[in-house]
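Enquirer: Take this structure first; my questions come after.
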Amino acid sequence: MSHAAVVAGGPGLGEEKPVKAAVLKEIGDARLDVRSDAGVVAPGPNDVHVRIRAAGICHSDVSAMNGTLPALAPGVMGHEGAGEVLAVGDGVADLAPGDRVTVTFVPPCGGCRDCLNGQPHLCAVHTIAAFTSPRFEVGAEPVFGFAGCGTFAEELVLPRDGAIKIDADVPFEIAALLGCGVLTGVGAVLNTARVEPGSTAVVIGCGGVGISVIQGLRLAGAAQIVAVDPITAKHADAERFGATRTTTPDGLDELKQELTGGAGFDYAIEVVGRSGTIRAAYDATRRGGSVVIVGAGGPEEKVEFTAQELFINERKILPSFYGSADPRRDIDRMVRLWRAGRLDLEGMISRRLPLTEINDGLAALRDGNSALVRQIVTFD
Ligand code: CXF
Ligand code: ZN
């Protein structure tokens, strides 16, 4: 994809109107620069040009801004979103203008070893390309899209594999949630851990992904779903989505004793990405049980296990990237569960805000004290 050709906005581009976009100027900046003059690259072969209609704010956007997760600056942030196809590049036969799509930050190329191995969530082909192909332009400067996306923009260009077609009656804000939080959380339960009915489980961290894990556990028929979060304001939400008990971290041992006789839970699912919470998840799991690591942690978070405890406890450590999901299969699967009333997606939307208020939304997530499940940026 050439970044010389710009179809919307940019300097001297005549007819095409520039687009609004929230740009991280430098890694470490606490605020995004909400501009009205961004340009979007022209779709090359096998690309699609999408008008974003709803974008979710995920904690990984905050983590990319502060340098915990890898990102390039300047970059348009946002990796969860949905919209409608405006145009397709050469070679795109199965998408057309007007189609409704969910953006995925792991577009499965379909041909690499990981895709052929049945692990398309590990496909890095488009991810690697995103680090060398800026998708936006501000002034004369190329601007990257975070995680190959950049959904905090009115329009963006994606590889065709990054736009998953969904039914036209699925509201954009529901479609947006599926792109990251829901697929990551529900997928961790159904795909990575394959939780069996009747299991006991503890979920550590009750943000948008943690709530999705709780919903996944309810779907899987878990008998006990313990939700752990230091922010007590999140406990009522956890219960609304299926938690059978809630506690702050200091009460976990007591609940483990009460509910499992001290043996530990069949599954402990960590959705924070910190060494302390990963260690707590390990300690909460029964011998032979599974510790599922969903949290997107940074490189400085080191977790210690002794060789002896790993061997003696035979707890399985199951990292889960993008819910081990195949977005081509699983996004539609989530839509079917939502249609059947078995996934509550409307209830996950705690707040709607325009792109001009994106910094307020990011700040609310950063301070961690609010009981927001998901905030949706609207583009009316
Ligand atoms: C992240 C993982 C790293 C890239 C961006 C998205 N996952 C969930 O938020
Ligand atoms: Zn995310």
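Residues in the structure tokens are named by chain (A, B, ... in the order shown) and by number from 1 within that chain; ligands are numbered from 1 in the order shown.
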If you run DSSP over the backbone, which residues in range 177-357 of chain A end up alpha helix (DSSP H)? Put them as a PyMOL selection string.
Expert: chain A and resi 177+183-187+208-220+235-240+252-260+275-284+307-313+327-339
Enquirer: Give as number ranges by chain the residues surrounding ligand 2 up to a distance of 9 Å, considering only C-alpha atoms and all ligand atoms.
Expert: A: 56-61, 78-80, 105, 179-181, 184, 209, 296, 322
Enquirer: My list of candidates is A:Gly67, A:Gly83, A:Gly242, A:Gly216. Which is closest to ligand 1 when distances are computed with only C-alpha atoms and all ligand atoms?
Expert: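 Nearest candidate to ligand 1 out of A:Gly67, A:Gly83, A:Gly242, A:Gly216: A:Gly67.
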Enquirer: So that I can check the secondary structure, give me every residue of range 78-174 of chain A assigned strand (DSSP E or B) by backbone DSSP, as a ChimeraX atom specification.
Expert: /A:80-88,100-103,136-138,141-145,153,155-159,163-165
Enquirer: If we count only C-alpha atoms, what is near range 41-52 of chain A at a cut-off of 10 Å, once residues fewer than 6 positions away on the same chain are taken out, given as a ChimeraX atom specification?
Expert: /A:1-10,19,81-93,95-103,133-137,142-143,150-163,172,176,377-380
Enquirer: How would the residues just chosen look if you wrote them out with C-alpha atoms as a short mmCIF file (atom, residue, chain, number, x, y, z; two decimals), in the first residue's frame?
Expert:
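Result file is out-v5.cif:
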data_model
loop_
_atom_site.label_atom_id
_atom_site.label_comp_id
_atom_site.auth_asym_id
_atom_site.auth_seq_id
_atom_site.Cartn_x
_atom_site.Cartn_y
_atom_site.Cartn_z
CA MET A 1 0.00 0.00 0.00
CA SER A 2 1.48 3.30 -1.04
CA HIS A 3 1.10 6.16 1.36
CA ALA A 4 1.69 8.68 -1.40
CA ALA A 5 -1.86 8.39 -2.67
CA VAL A 6 -4.40 9.90 -0.32
CA VAL A 7 -8.13 9.71 -1.00
CA ALA A 8 -9.54 11.79 1.79
CA GLY A 9 -8.17 14.98 3.29
CA GLY A 10 -4.52 15.88 3.30
CA VAL A 19 -11.44 13.32 8.12
CA GLY A 81 -14.65 -0.59 15.65
CA ALA A 82 -17.23 -1.19 12.97
CA GLY A 83 -18.43 0.70 9.94
CA GLU A 84 -19.45 0.50 6.34
CA VAL A 85 -17.36 -0.15 3.28
CA LEU A 86 -16.89 2.96 1.15
CA ALA A 87 -14.67 1.45 -1.54
CA VAL A 88 -12.62 -1.64 -2.25
CA GLY A 89 -9.22 -2.00 -3.89
CA ASP A 90 -8.40 -4.21 -6.84
CA GLY A 91 -8.85 -7.88 -6.21
CA VAL A 92 -11.52 -7.56 -3.51
CA ALA A 93 -14.45 -9.54 -4.81
CA LEU A 95 -16.89 -6.99 -0.15
CA ALA A 96 -18.69 -4.07 -1.76
CA PRO A 97 -19.52 -0.48 -0.89
CA GLY A 98 -22.32 -0.38 1.68
CA ASP A 99 -21.36 -3.65 3.37
CA ARG A 100 -21.28 -3.52 7.15
CA VAL A 101 -18.02 -4.74 8.70
CA THR A 102 -16.32 -5.27 12.03
CA VAL A 103 -12.66 -4.31 12.14
CA SER A 133 2.74 1.00 6.19
CA PRO A 134 1.28 4.22 7.52
CA ARG A 135 -2.45 4.42 6.74
CA PHE A 136 -3.05 8.10 7.42
CA GLU A 137 -1.40 11.39 6.72
CA PRO A 142 2.71 9.77 7.41
CA VAL A 143 0.69 8.54 10.41
CA GLY A 150 -6.86 3.36 13.85
CA THR A 151 -10.58 3.22 14.56
CA PHE A 152 -10.56 6.60 16.32
CA ALA A 153 -10.99 8.14 12.87
CA GLU A 154 -13.98 8.79 10.65
CA GLU A 155 -12.45 6.65 7.92
CA LEU A 156 -9.61 4.18 7.57
CA VAL A 157 -8.07 1.77 5.09
CA LEU A 158 -7.52 -1.84 6.06
CA PRO A 159 -6.34 -5.00 4.40
CA ARG A 160 -9.39 -6.82 3.13
CA ASP A 161 -8.73 -9.57 5.67
CA GLY A 162 -9.18 -7.01 8.46
CA ALA A 163 -12.80 -6.22 7.61
CA PHE A 172 -22.63 -0.63 14.57
CA ALA A 176 -17.71 -2.77 17.23
CA VAL A 377 -17.17 6.56 20.34
CA THR A 378 -20.00 7.56 18.03
CA PHE A 379 -19.60 9.19 14.60
CA ASP A 380 -22.82 10.92 13.64
#
Enquirer: May I have the residues within 8 Å of range 248-253 of chain A as a count of residues only, using only C-alpha atoms and disregarding those fewer than 2 positions away in the same chain?
Expert: 10
Enquirer: I'd like to know which of A:Ser350, A:Ser275, A:Asn369, A:Thr68 is closest to ligand 1, using only C-alpha atoms and all ligand atoms.
Expert: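 Nearest to ligand 1: A:Thr68.
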Enquirer: I'd like the contact shell of Val138 in chain A - 6 Å cut-off, only C-alpha atoms, skipping same-chain residues fewer than 2 positions apart - returned as a tab-separated table (two decimals) with N, CA, C and O atoms, in the first residue's frame.
Expert:
chain	number	residue	atom	x	y	z
A	38	ALA	N	-7.08	15.06	8.82
A	38	ALA	CA	-6.30	13.85	8.49
A	38	ALA	C	-6.67	13.34	7.10
A	38	ALA	O	-7.82	13.46	6.66
A	140	ALA	N	2.11	16.77	5.73
A	140	ALA	CA	2.84	15.90	4.80
A	140	ALA	C	3.33	14.65	5.51
A	140	ALA	O	3.98	13.80	4.92
A	141	GLU	N	2.99	14.52	6.80
A	141	GLU	CA	3.59	13.47	7.60
A	141	GLU	C	2.77	12.18	7.59
A	141	GLU	O	1.56	12.20	7.83
Enquirer: Could you list, as an NGL selection string, every residue within 12 Å of Leu337 in chain A, counting only C-alpha atoms and ignoring same-chain residues fewer than 2 positions away?
Expert: :A and (178 or 182 or 186 or 215-216 or 219-220 or 330-335 or 339-345)
Enquirer: Given only C-alpha atoms and all ligand atoms as the basis, pick out the residue of A:Ala222, A:Val294, A:Leu190, A:Ile211 nearest to ligand 1.
Expert: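 Among A:Ala222, A:Val294, A:Leu190, A:Ile211, it is A:Val294 that comes nearest to ligand 1.
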Enquirer: Contacts of Thr132 in chain A at 10 Å or less, counting only C-alpha atoms, minus same-chain residues fewer than 5 places along, as an NGL selection string?
Expert: :A and (1 or 72 or 127 or 144 or 148)
Enquirer: Which is closer to Phe146 in chain A than all the others in A:Val202, A:Cys115, A:Leu69, A:Ala243, using only C-alpha atoms?
Expert: A:Leu69
Enquirer: How many Å separate CA of Leu183 in chain A from CA of Arg286 in chain A?
Expert: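 So the two atoms, CA of Leu183 in chain A and CA of Arg286 in chain A, lie 26.3 Å apart.
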